[in-house]
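Chemist: Structure file work.tsv (TSV, C-alpha atoms) is given on the next line.
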```tsv
chain	number	residue	atom	x	y	z
G	1	MET	CA	-32.32	-60.50	35.93
G	2	GLU	CA	-31.91	-62.16	39.30
G	3	SER	CA	-31.80	-60.49	42.71
G	4	ILE	CA	-29.60	-61.47	45.68
G	5	ALA	CA	-30.83	-60.56	49.19
G	6	VAL	CA	-28.24	-59.25	51.67
G	7	ASN	CA	-28.96	-58.67	55.36
G	8	SER	CA	-26.28	-56.59	57.03
G	9	LYS	CA	-25.81	-56.56	60.80
G	10	LYS	CA	-23.67	-53.46	61.40
G	11	ARG	CA	-23.55	-49.85	60.16
G	12	ASN	CA	-20.32	-50.56	58.26
G	13	GLU	CA	-19.65	-54.10	57.11
G	14	LEU	CA	-18.32	-56.16	54.21
G	15	VAL	CA	-20.61	-59.13	53.49
G	16	ASP	CA	-19.18	-61.97	51.36
G	17	ILE	CA	-21.69	-62.71	48.58
G	18	SER	CA	-19.37	-64.90	46.46
G	19	LEU	CA	-21.34	-68.11	47.03
G	20	LYS	CA	-24.68	-66.49	46.21
G	21	VAL	CA	-23.29	-65.05	42.97
G	22	LYS	CA	-21.76	-68.41	42.02
G	23	GLU	CA	-25.18	-70.06	42.52
G	24	VAL	CA	-26.79	-67.62	40.07
G	25	VAL	CA	-24.05	-68.29	37.51
G	26	LYS	CA	-24.42	-72.06	37.91
G	27	LYS	CA	-28.22	-71.87	37.61
G	28	SER	CA	-27.94	-69.85	34.39
G	29	GLY	CA	-26.08	-72.66	32.64
G	30	VAL	CA	-24.02	-70.08	30.76
G	31	LYS	CA	-20.59	-71.41	29.75
G	32	GLU	CA	-18.87	-68.29	28.42
G	33	GLY	CA	-19.97	-64.74	29.15
G	34	VAL	CA	-20.07	-62.02	31.76
G	35	CYS	CA	-21.74	-61.74	35.17
G	36	ILE	CA	-22.89	-58.20	35.91
G	37	LEU	CA	-23.60	-57.14	39.50
G	38	PHE	CA	-25.38	-53.97	40.56
G	39	CYS	CA	-26.00	-52.59	44.05
G	40	ALA	CA	-29.42	-50.89	44.05
G	41	HIS	CA	-28.62	-48.54	46.95
G	42	THR	CA	-26.87	-45.18	47.38
G	43	THR	CA	-25.33	-45.88	50.80
G	44	ALA	CA	-23.70	-49.19	49.90
G	45	ALA	CA	-21.33	-50.53	47.25
G	46	LEU	CA	-19.70	-53.63	45.76
G	47	THR	CA	-16.03	-54.56	45.77
G	48	ILE	CA	-13.67	-57.46	45.13
G	49	ASN	CA	-10.96	-58.21	47.67
G	50	GLU	CA	-9.20	-60.93	49.66
G	51	ASN	CA	-11.27	-63.94	50.68
G	52	ALA	CA	-8.75	-65.55	53.04
G	53	ASP	CA	-7.84	-63.40	56.07
G	54	PRO	CA	-10.92	-61.57	57.51
G	55	SER	CA	-8.51	-58.92	58.86
G	56	VAL	CA	-8.33	-57.45	55.36
G	57	GLN	CA	-12.07	-56.74	55.44
G	58	LYS	CA	-11.72	-55.08	58.85
G	59	ASP	CA	-8.74	-53.01	57.66
G	60	ILE	CA	-10.78	-51.77	54.68
G	61	ILE	CA	-13.77	-50.81	56.89
G	62	ASN	CA	-11.58	-49.17	59.56
G	63	TYR	CA	-9.65	-47.24	56.92
G	64	LEU	CA	-12.81	-45.99	55.18
G	65	ASN	CA	-14.24	-44.87	58.54
G	66	ARG	CA	-11.11	-42.77	59.13
G	67	LEU	CA	-11.04	-41.47	55.55
G	68	VAL	CA	-14.71	-40.44	55.52
G	69	PRO	CA	-15.67	-39.40	59.07
G	70	ALA	CA	-19.36	-39.74	59.96
G	71	ASP	CA	-19.60	-36.20	61.33
G	72	GLU	CA	-17.87	-33.58	59.20
G	73	GLY	CA	-20.44	-30.80	59.02
G	74	TYR	CA	-22.16	-32.23	55.98
G	75	LEU	CA	-25.14	-30.45	54.40
G	76	HIS	CA	-27.38	-33.52	53.95
G	77	ALA	CA	-29.53	-33.72	57.10
G	78	GLU	CA	-30.03	-37.49	57.31
G	79	GLY	CA	-26.71	-38.15	59.06
G	80	ASN	CA	-25.43	-40.52	56.38
G	81	SER	CA	-23.46	-38.33	54.00
G	82	ASP	CA	-20.37	-40.41	54.83
G	83	SER	CA	-22.29	-43.48	53.60
G	84	HIS	CA	-23.14	-41.78	50.30
G	85	ILE	CA	-19.51	-40.69	49.80
G	86	LYS	CA	-18.15	-44.18	50.52
G	87	SER	CA	-20.69	-45.55	48.05
G	88	SER	CA	-19.32	-43.37	45.23
G	89	LEU	CA	-15.68	-44.09	46.19
G	90	LEU	CA	-16.11	-47.87	45.89
G	91	GLY	CA	-18.84	-47.95	43.23
G	92	ALA	CA	-22.18	-49.67	42.70
G	93	ASP	CA	-21.34	-51.94	39.78
G	94	LEU	CA	-19.04	-54.90	39.15
G	95	GLN	CA	-18.51	-57.34	36.33
G	96	ILE	CA	-16.76	-60.68	36.30
G	97	ILE	CA	-15.98	-62.78	33.24
G	98	ILE	CA	-17.53	-66.29	33.05
G	99	GLU	CA	-15.16	-68.94	31.66
G	100	LYS	CA	-16.02	-72.65	31.44
G	101	GLU	CA	-19.22	-72.14	33.49
G	102	LYS	CA	-17.32	-70.46	36.35
G	103	LEU	CA	-16.47	-66.92	37.47
G	104	ALA	CA	-12.92	-66.11	36.34
G	105	LEU	CA	-11.78	-64.82	39.73
G	106	GLY	CA	-8.19	-64.84	41.00
G	107	THR	CA	-7.28	-67.33	43.72
G	108	TRP	CA	-7.71	-64.87	46.56
G	109	GLN	CA	-10.64	-62.86	45.21
G	110	GLY	CA	-14.05	-62.78	46.90
G	111	ILE	CA	-17.07	-60.60	46.04
G	112	TYR	CA	-18.23	-58.29	48.82
G	113	PHE	CA	-21.35	-56.25	49.44
G	114	CYS	CA	-20.19	-53.10	51.23
G	115	GLU	CA	-22.75	-51.89	53.78
G	116	PHE	CA	-22.18	-48.27	54.85
G	117	ASP	CA	-25.53	-47.45	56.51
G	118	GLY	CA	-26.78	-50.68	58.09
G	119	PRO	CA	-28.10	-52.79	59.50
G	120	ARG	CA	-30.52	-53.15	56.59
G	121	SER	CA	-32.08	-55.52	54.08
G	122	ARG	CA	-30.45	-54.89	50.70
G	123	LYS	CA	-30.59	-56.11	47.11
G	124	VAL	CA	-27.92	-56.86	44.53
G	125	TYR	CA	-29.10	-57.31	40.94
G	126	VAL	CA	-27.39	-59.94	38.78
G	127	LYS	CA	-27.50	-60.17	34.99
G	128	ILE	CA	-25.75	-62.90	33.02
G	129	ILE	CA	-24.56	-62.11	29.49
G	130	ASN	CA	-24.15	-65.19	27.30
G	131	GLN	CA	-21.24	-64.82	24.84
G	132	CYS	CA	-19.68	-67.97	23.44
T	1	MET	CA	-11.23	-65.15	27.31
T	2	GLU	CA	-7.72	-63.87	26.74
T	3	SER	CA	-5.07	-63.08	29.37
T	4	ILE	CA	-2.56	-60.21	29.32
T	5	ALA	CA	0.70	-60.64	31.25
T	6	VAL	CA	2.00	-57.66	33.22
T	7	ASN	CA	5.40	-57.54	34.89
T	8	SER	CA	5.69	-54.70	37.36
T	9	LYS	CA	9.06	-53.38	38.52
T	10	LYS	CA	8.20	-51.35	41.63
T	11	ARG	CA	5.96	-51.75	44.70
T	12	ASN	CA	3.63	-49.00	43.42
T	13	GLU	CA	3.45	-48.39	39.70
T	14	LEU	CA	1.07	-47.63	36.84
T	15	VAL	CA	1.82	-49.83	33.81
T	16	ASP	CA	0.35	-48.75	30.46
T	17	ILE	CA	-1.40	-51.78	28.93
T	18	SER	CA	-3.27	-49.88	26.18
T	19	LEU	CA	-1.32	-51.45	23.31
T	20	LYS	CA	-1.76	-54.98	24.65
T	21	VAL	CA	-5.52	-54.47	25.02
T	22	LYS	CA	-5.76	-52.99	21.53
T	23	GLU	CA	-4.00	-56.09	20.14
T	24	VAL	CA	-6.60	-58.37	21.74
T	25	VAL	CA	-9.43	-56.27	20.29
T	26	LYS	CA	-7.85	-56.30	16.81
T	27	LYS	CA	-7.27	-60.07	16.94
T	28	SER	CA	-10.94	-60.65	17.90
T	29	GLY	CA	-12.15	-59.07	14.67
T	30	VAL	CA	-15.17	-57.66	16.55
T	31	LYS	CA	-16.52	-54.50	14.94
T	32	GLU	CA	-19.10	-53.31	17.50
T	33	GLY	CA	-19.20	-54.45	21.11
T	34	VAL	CA	-17.55	-54.12	24.49
T	35	CYS	CA	-14.09	-54.97	25.81
T	36	ILE	CA	-14.17	-56.14	29.43
T	37	LEU	CA	-10.99	-56.08	31.51
T	38	PHE	CA	-10.52	-57.76	34.88
T	39	CYS	CA	-7.55	-57.65	37.26
T	40	ALA	CA	-7.25	-61.08	38.90
T	41	HIS	CA	-5.43	-59.79	42.01
T	42	THR	CA	-6.45	-58.21	45.32
T	43	THR	CA	-3.44	-55.89	45.68
T	44	ALA	CA	-3.69	-54.29	42.24
T	45	ALA	CA	-6.33	-52.52	40.14
T	46	LEU	CA	-7.17	-51.09	36.72
T	47	THR	CA	-7.76	-47.46	35.79
T	48	ILE	CA	-8.05	-45.13	32.82
T	49	ASN	CA	-6.14	-41.86	32.86
T	50	GLU	CA	-3.91	-39.51	30.84
T	51	ASN	CA	-1.57	-41.11	28.31
T	52	ALA	CA	0.48	-38.00	27.45
T	53	ASP	CA	2.43	-36.56	30.41
T	54	PRO	CA	3.94	-39.34	32.61
T	55	SER	CA	3.85	-36.87	35.53
T	56	VAL	CA	0.13	-37.60	35.89
T	57	GLN	CA	0.88	-41.26	36.61
T	58	LYS	CA	3.46	-40.24	39.22
T	59	ASP	CA	1.05	-37.75	40.81
T	60	ILE	CA	-1.59	-40.50	41.11
T	61	ILE	CA	0.88	-42.94	42.71
T	62	ASN	CA	2.35	-40.31	45.07
T	63	TYR	CA	-1.12	-39.17	46.10
T	64	LEU	CA	-2.35	-42.71	46.79
T	65	ASN	CA	0.77	-43.39	48.88
T	66	ARG	CA	-0.05	-40.36	51.04
T	67	LEU	CA	-3.77	-41.20	51.19
T	68	VAL	CA	-3.23	-44.83	52.20
T	69	PRO	CA	0.00	-45.01	54.27
T	70	ALA	CA	1.79	-48.37	54.23
T	71	ASP	CA	2.06	-48.52	58.03
T	72	GLU	CA	-1.09	-47.49	59.87
T	73	GLY	CA	-1.46	-50.20	62.50
T	74	TYR	CA	-3.44	-52.48	60.21
T	75	LEU	CA	-4.70	-55.86	61.47
T	76	HIS	CA	-3.69	-57.95	58.43
T	77	ALA	CA	-0.21	-59.30	59.20
T	78	GLU	CA	1.23	-59.49	55.68
T	79	GLY	CA	2.23	-55.82	55.53
T	80	ASN	CA	0.16	-55.05	52.46
T	81	SER	CA	-3.16	-53.80	53.83
T	82	ASP	CA	-2.51	-50.49	52.07
T	83	SER	CA	-2.29	-52.43	48.78
T	84	HIS	CA	-5.65	-54.14	49.41
T	85	ILE	CA	-7.30	-50.79	50.28
T	86	LYS	CA	-5.91	-49.08	47.16
T	87	SER	CA	-7.21	-52.03	45.11
T	88	SER	CA	-10.77	-51.47	46.34
T	89	LEU	CA	-10.55	-47.68	45.91
T	90	LEU	CA	-9.61	-47.93	42.22
T	91	GLY	CA	-11.39	-51.19	41.37
T	92	ALA	CA	-10.58	-54.45	39.58
T	93	ASP	CA	-12.81	-54.15	36.53
T	94	LEU	CA	-13.08	-51.89	33.50
T	95	GLN	CA	-15.08	-51.86	30.31
T	96	ILE	CA	-14.53	-49.96	27.11
T	97	ILE	CA	-16.92	-49.76	24.17
T	98	ILE	CA	-15.70	-51.08	20.79
T	99	GLU	CA	-16.78	-48.93	17.81
T	100	LYS	CA	-15.68	-49.59	14.22
T	101	GLU	CA	-13.17	-52.25	15.36
T	102	LYS	CA	-11.48	-49.86	17.81
T	103	LEU	CA	-11.67	-49.00	21.52
T	104	ALA	CA	-13.82	-45.86	21.92
T	105	LEU	CA	-11.32	-44.06	24.16
T	106	GLY	CA	-11.01	-40.29	24.50
T	107	THR	CA	-7.96	-38.62	22.92
T	108	TRP	CA	-5.96	-38.54	26.16
T	109	GLN	CA	-7.11	-41.81	27.68
T	110	GLY	CA	-4.76	-44.74	28.30
T	111	ILE	CA	-5.47	-48.01	30.14
T	112	TYR	CA	-3.31	-48.65	33.19
T	113	PHE	CA	-2.60	-51.67	35.35
T	114	CYS	CA	-2.14	-50.33	38.89
T	115	GLU	CA	0.47	-52.30	40.83
T	116	PHE	CA	0.26	-51.74	44.59
T	117	ASP	CA	2.35	-54.66	45.91
T	118	GLY	CA	5.05	-55.31	43.32
T	119	PRO	CA	7.31	-56.11	41.73
T	120	ARG	CA	5.30	-59.12	40.55
T	121	SER	CA	4.04	-61.06	37.54
T	122	ARG	CA	0.34	-60.30	37.10
T	123	LYS	CA	-2.59	-61.18	34.87
T	124	VAL	CA	-5.39	-59.14	33.34
T	125	TYR	CA	-8.29	-61.08	31.84
T	126	VAL	CA	-9.92	-59.74	28.66
T	127	LYS	CA	-13.33	-60.70	27.30
T	128	ILE	CA	-14.78	-59.28	24.09
T	129	ILE	CA	-18.56	-59.00	23.76
T	130	ASN	CA	-19.76	-58.91	20.15
T	131	GLN	CA	-22.84	-56.66	19.73
T	132	CYS	CA	-23.57	-55.28	16.28
L	1	MET	CA	-22.86	-46.35	20.08
L	2	GLU	CA	-24.59	-43.14	21.11
L	3	SER	CA	-23.02	-40.04	22.63
L	4	ILE	CA	-24.51	-37.80	25.33
L	5	ALA	CA	-23.37	-34.16	25.47
L	6	VAL	CA	-22.73	-32.63	28.90
L	7	ASN	CA	-22.05	-28.94	29.47
L	8	SER	CA	-20.66	-28.26	32.94
L	9	LYS	CA	-20.79	-24.83	34.53
L	10	LYS	CA	-18.31	-25.08	37.40
L	11	ARG	CA	-14.82	-26.51	37.97
L	12	ASN	CA	-16.25	-29.24	40.22
L	13	GLU	CA	-19.84	-30.32	39.69
L	14	LEU	CA	-22.14	-33.33	39.56
L	15	VAL	CA	-24.47	-33.16	36.54
L	16	ASP	CA	-27.53	-35.43	36.56
L	17	ILE	CA	-27.63	-37.30	33.22
L	18	SER	CA	-30.30	-39.85	34.23
L	19	LEU	CA	-32.95	-38.53	31.84
L	20	LYS	CA	-30.58	-38.42	28.88
L	21	VAL	CA	-29.48	-42.01	29.52
L	22	LYS	CA	-33.10	-43.15	29.87
L	23	GLU	CA	-33.89	-41.57	26.49
L	24	VAL	CA	-31.12	-43.57	24.81
L	25	VAL	CA	-32.40	-46.79	26.41
L	26	LYS	CA	-35.97	-46.05	25.32
L	27	LYS	CA	-34.88	-45.22	21.77
L	28	SER	CA	-32.96	-48.51	21.52
L	29	GLY	CA	-36.11	-50.54	22.09
L	30	VAL	CA	-34.08	-53.12	24.01
L	31	LYS	CA	-36.18	-55.01	26.57
L	32	GLU	CA	-33.55	-56.99	28.47
L	33	GLY	CA	-29.84	-56.19	28.49
L	34	VAL	CA	-27.20	-53.84	29.81
L	35	CYS	CA	-26.56	-50.13	29.37
L	36	ILE	CA	-22.85	-49.29	29.33
L	37	LEU	CA	-21.70	-45.73	30.01
L	38	PHE	CA	-18.20	-44.39	29.41
L	39	CYS	CA	-16.74	-40.98	30.21
L	40	ALA	CA	-14.28	-40.09	27.44
L	41	HIS	CA	-12.21	-37.69	29.58
L	42	THR	CA	-9.37	-38.01	32.12
L	43	THR	CA	-10.44	-35.16	34.41
L	44	ALA	CA	-14.04	-36.30	34.88
L	45	ALA	CA	-15.89	-39.45	35.97
L	46	LEU	CA	-19.26	-41.15	36.30
L	47	THR	CA	-21.06	-42.17	39.49
L	48	ILE	CA	-24.42	-43.28	40.81
L	49	ASN	CA	-25.81	-41.62	43.93
L	50	GLU	CA	-28.89	-40.06	45.53
L	51	ASN	CA	-31.33	-38.28	43.21
L	52	ALA	CA	-33.53	-36.67	45.89
L	53	ASP	CA	-31.68	-34.20	48.14
L	54	PRO	CA	-29.18	-32.03	46.15
L	55	SER	CA	-27.20	-31.62	49.39
L	56	VAL	CA	-25.77	-35.11	48.84
L	57	GLN	CA	-24.20	-33.98	45.57
L	58	LYS	CA	-22.70	-30.94	47.31
L	59	ASP	CA	-21.39	-33.08	50.17
L	60	ILE	CA	-19.67	-35.39	47.68
L	61	ILE	CA	-18.05	-32.48	45.80
L	62	ASN	CA	-16.99	-30.68	49.01
L	63	TYR	CA	-15.56	-33.87	50.45
L	64	LEU	CA	-13.58	-34.69	47.28
L	65	ASN	CA	-12.17	-31.13	47.23
L	66	ARG	CA	-10.87	-31.62	50.78
L	67	LEU	CA	-9.61	-35.15	50.07
L	68	VAL	CA	-7.73	-34.16	46.91
L	69	PRO	CA	-6.53	-30.54	47.32
L	70	ALA	CA	-5.99	-28.59	44.10
L	71	ASP	CA	-2.51	-27.44	45.10
L	72	GLU	CA	-0.36	-30.13	46.66
L	73	GLY	CA	2.96	-29.73	44.87
L	74	TYR	CA	1.99	-32.05	42.03
L	75	LEU	CA	4.47	-32.77	39.20
L	76	HIS	CA	2.01	-32.35	36.29
L	77	ALA	CA	2.30	-28.71	35.20
L	78	GLU	CA	-1.25	-28.10	33.96
L	79	GLY	CA	-2.70	-27.38	37.41
L	80	ASN	CA	-5.28	-30.16	37.23
L	81	SER	CA	-3.60	-33.15	38.84
L	82	ASP	CA	-6.35	-33.14	41.46
L	83	SER	CA	-8.87	-33.55	38.62
L	84	HIS	CA	-6.98	-36.56	37.21
L	85	ILE	CA	-6.79	-38.17	40.67
L	86	LYS	CA	-10.51	-37.66	41.35
L	87	SER	CA	-11.22	-39.19	37.93
L	88	SER	CA	-9.40	-42.41	38.86
L	89	LEU	CA	-10.97	-42.54	42.35
L	90	LEU	CA	-14.55	-42.45	40.98
L	91	GLY	CA	-13.94	-44.17	37.65
L	92	ALA	CA	-14.80	-43.58	33.99
L	93	ASP	CA	-17.19	-46.47	33.36
L	94	LEU	CA	-20.61	-47.57	34.62
L	95	GLN	CA	-23.09	-50.25	33.70
L	96	ILE	CA	-26.75	-50.56	34.54
L	97	ILE	CA	-28.95	-53.58	33.86
L	98	ILE	CA	-31.96	-53.09	31.56
L	99	GLU	CA	-35.10	-54.95	32.73
L	100	LYS	CA	-38.49	-54.67	31.02
L	101	GLU	CA	-37.25	-51.82	28.79
L	102	LYS	CA	-36.09	-49.76	31.80
L	103	LEU	CA	-32.88	-49.15	33.73
L	104	ALA	CA	-32.92	-51.33	36.86
L	105	LEU	CA	-31.98	-48.52	39.24
L	106	GLY	CA	-32.87	-48.37	42.93
L	107	THR	CA	-35.53	-45.88	44.02
L	108	TRP	CA	-33.05	-43.20	45.06
L	109	GLN	CA	-30.39	-43.76	42.40
L	110	GLY	CA	-29.51	-41.14	39.78
L	111	ILE	CA	-26.67	-41.20	37.23
L	112	TYR	CA	-24.17	-38.36	37.52
L	113	PHE	CA	-21.45	-36.98	35.30
L	114	CYS	CA	-18.68	-35.81	37.64
L	115	GLU	CA	-16.92	-32.71	36.32
L	116	PHE	CA	-13.56	-32.08	37.99
L	117	ASP	CA	-11.98	-29.57	35.58
L	118	GLY	CA	-14.82	-27.48	34.16
L	119	PRO	CA	-16.58	-25.62	32.90
L	120	ARG	CA	-16.33	-27.64	29.68
L	121	SER	CA	-18.23	-29.44	26.94
L	122	ARG	CA	-17.96	-33.17	27.57
L	123	LYS	CA	-19.09	-36.48	26.08
L	124	VAL	CA	-20.44	-39.68	27.59
L	125	TYR	CA	-20.56	-42.72	25.31
L	126	VAL	CA	-23.51	-45.12	25.64
L	127	LYS	CA	-23.67	-48.69	24.34
L	128	ILE	CA	-26.72	-50.91	24.74
L	129	ILE	CA	-26.21	-54.66	24.94
L	130	ASN	CA	-29.28	-56.69	23.95
L	131	GLN	CA	-29.59	-59.90	25.98
L	132	CYS	CA	-33.00	-61.49	26.28
```
Once you've parsed the file, please lay out its structure as structure tokens.
Modeler:
Amino acid sequence: MESIAVNSKKRNELVDISLKVKEVVKKSGVKEGVCILFCAHTTAALTINENADPSVQKDIINYLNRLVPADEGYLHAEGNSDSHIKSSLLGADLQIIIEKEKLALGTWQGIYFCEFDGPRSRKVYVKIINQC
Amino acid sequence: MESIAVNSKKRNELVDISLKVKEVVKKSGVKEGVCILFCAHTTAALTINENADPSVQKDIINYLNRLVPADEGYLHAEGNSDSHIKSSLLGADLQIIIEKEKLALGTWQGIYFCEFDGPRSRKVYVKIINQC
Amino acid sequence: MESIAVNSKKRNELVDISLKVKEVVKKSGVKEGVCILFCAHTTAALTINENADPSVQKDIINYLNRLVPADEGYLHAEGNSDSHIKSSLLGADLQIIIEKEKLALGTWQGIYFCEFDGPRSRKVYVKIINQC
């Protein structure tokens, strides 16, 4: 298992980790298999979305902030229940097929770490499954 | 890796791909393992839900259209920010266990391609992991 | 493939299944690999979230009940369209990396079965992939 370090700068932010994941895949030397990603935090998530226009990332963050308001009379006293809810809505795990030594992503797909309670230092675990 | 072609007919639509996935599993000859599915698009997704009453599929689509309105003053200029947001909410990847040469699905579970910016020609990647 | 039994007590409830999953991993004897979990029902889901303060689980359930009201003029006549929608929002499948014979979870992460149409007897399938 490898671990990717992510340093977020805002409370809510999508951080593109595509290059870091591709480096782990390349280093593994695996030709055919699956790359499994896991966010080891309960106020963050992982998602795949457009890698071209950064406005898409902002639209996703702005929308989630409206959908899950930060102050809604939650029971949890740490002031980050919205972060926990967003984490479950988007999900902690991802998997991408490896084909011919590369991630089989669509043309416009990038891999994003979703920070919902930053800024913080975070970790994403990576496991490569070899399956020729 | 195999690829399943999906042709959607509406802007928002759930397309049942269960039979196509089952064909790939059968063709692989794998008895015990995992079937990994990946939607190679950023305005679509994959989900598992009821395969009996088609009203459930309509309720899901109608609900998502209310939850993520098409015109909300988004920044992304292509008019499909709602499609990108729905894609991240439902997710691009799925995995189903293979047991005795068959997908270990519950009685009422079907596999759906979720089109959020159709009609279009789309692709779902399939990778079978063999694990006796 | 193993199967974990879950007995929910309420219509909407998060049930901590972390210990049961850890038992399956231990029993498998696998040192390095992946643990794949699959909820075999269309009105339930799986998620990972905080294992310390039970208020987080209540906040998630309360929020989802507001987000997806039980009575919204749905087409499906069984009165549980909200349960089906919540199922697709959170998702039926999960995967957790196995490292040194243990699940590679973050400090605060627990594994939850999400009941959205209980009380019921439910099943979660578990498949261990061995990958040294």
Chemist: Using all atoms listed in the file, I'd like a table of the residues in chain G that come within 10 Å of chain T; for each, show the closest atom pair and its distance in Å rounded to one decimal, ordered by chain and ascending number, as CSV.
Modeler:
```
residue,atom,partner,partner_atom,distance
G:Glu32,CA,T:Met1,CA,8.3
G:Gly33,CA,T:Lys127,CA,8.0
G:Val34,CA,T:Lys127,CA,8.2
G:Leu46,CA,T:Ser88,CA,9.2
G:Thr47,CA,T:Ser88,CA,6.1
G:Ile48,CA,T:Ser88,CA,6.8
G:Asn49,CA,T:Thr42,CA,5.1
G:Glu50,CA,T:Thr42,CA,5.8
G:Asn51,CA,T:Thr42,CA,9.2
G:Asp53,CA,T:His76,CA,7.2
G:Pro54,CA,T:His76,CA,8.1
G:Ser55,CA,T:His76,CA,4.9
G:Val56,CA,T:His76,CA,5.6
G:Gln57,CA,T:His76,CA,9.0
G:Lys58,CA,T:Leu75,CA,7.5
G:Asp59,CA,T:Tyr74,CA,5.9
G:Ile60,CA,T:Ile85,CA,5.7
G:Ile61,CA,T:Ile85,CA,9.2
G:Asn62,CA,T:Tyr74,CA,8.8
G:Tyr63,CA,T:Ile85,CA,7.9
G:Leu64,CA,T:Ile85,CA,8.8
G:Leu67,CA,T:Leu67,CA,8.5
G:Lys86,CA,T:Leu89,CA,9.6
G:Ser88,CA,T:Leu89,CA,9.8
G:Leu89,CA,T:Leu89,CA,6.3
G:Leu90,CA,T:Leu89,CA,5.6
G:Gly91,CA,T:Gly91,CA,8.3
G:Asp93,CA,T:Asp93,CA,9.4
G:Leu94,CA,T:Asp93,CA,6.8
G:Gln95,CA,T:Asp93,CA,6.5
G:Ile96,CA,T:Phe38,CA,7.0
G:Ile97,CA,T:Lys127,CA,6.8
G:Ile98,CA,T:Met1,CA,8.6
G:Glu99,CA,T:Met1,CA,7.0
G:Lys100,CA,T:Met1,CA,9.8
G:Ala104,CA,T:Ala40,CA,8.0
G:Leu105,CA,T:Ala40,CA,5.9
G:Gly106,CA,T:Ala40,CA,4.4
G:Thr107,CA,T:Ala40,CA,7.9
G:Trp108,CA,T:Thr42,CA,6.9
G:Gln109,CA,T:Thr42,CA,6.3
G:Gly110,CA,T:Thr42,CA,9.0
G:Ile129,CA,T:Ile129,CA,8.9
G:Asn130,CA,T:Ile129,CA,9.1
G:Gln131,CA,T:Ile129,CA,6.5
G:Cys132,CA,T:Ile129,CA,9.0
```
Chemist: What's the separation between atom CA of Gly118 of chain L and atom CA of Val21 of chain L, in Å to one decimal place?
Modeler: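 Value for the atom CA of Gly118 of chain L-atom CA of Val21 of chain L distance: 21.2 Å.
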Chemist: What is the atom CA of Glu2 of chain T to atom CA of Glu101 of chain T distance in Å?
Modeler: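 The value is 17.2 Å.
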Chemist: Hey, could you pull the box centre and edge lengths for segment 66-81 of chain G, axis-aligned, 8 Å padding per side, all listed atoms, to one decimal in Å, as AutoDock Vina command-line options?
Modeler:
```
--center_x -20.5 --center_y -36.6 --center_z 57.6 --size_x 35.0 --size_y 28.3 --size_z 23.4
```
Chemist: Take the point (0.2, -53.2, 25.8) as written in the file and pick out every residue within 10 Å of it, counting only C-alpha atoms; give the list as a PyMOL selection string.
Modeler: chain T and resi 4-6+15-24+111-112
Chemist: Write out, as a PDB file, in the coordinates of the input, the residues just selected, with C-alpha atoms.
Modeler:
```pdb
ATOM      1  CA  ILE T   4      -2.560 -60.210  29.320  1.00  0.00           C
ATOM      2  CA  ALA T   5       0.700 -60.640  31.250  1.00  0.00           C
ATOM      3  CA  VAL T   6       2.000 -57.660  33.220  1.00  0.00           C
ATOM      4  CA  VAL T  15       1.820 -49.830  33.810  1.00  0.00           C
ATOM      5  CA  ASP T  16       0.350 -48.750  30.460  1.00  0.00           C
ATOM      6  CA  ILE T  17      -1.400 -51.780  28.930  1.00  0.00           C
ATOM      7  CA  SER T  18      -3.270 -49.880  26.180  1.00  0.00           C
ATOM      8  CA  LEU T  19      -1.320 -51.450  23.310  1.00  0.00           C
ATOM      9  CA  LYS T  20      -1.760 -54.980  24.650  1.00  0.00           C
ATOM     10  CA  VAL T  21      -5.520 -54.470  25.020  1.00  0.00           C
ATOM     11  CA  LYS T  22      -5.760 -52.990  21.530  1.00  0.00           C
ATOM     12  CA  GLU T  23      -4.000 -56.090  20.140  1.00  0.00           C
ATOM     13  CA  VAL T  24      -6.600 -58.370  21.740  1.00  0.00           C
ATOM     14  CA  ILE T 111      -5.470 -48.010  30.140  1.00  0.00           C
ATOM     15  CA  TYR T 112      -3.310 -48.650  33.190  1.00  0.00           C
TER      16      TYR T 112
END
```
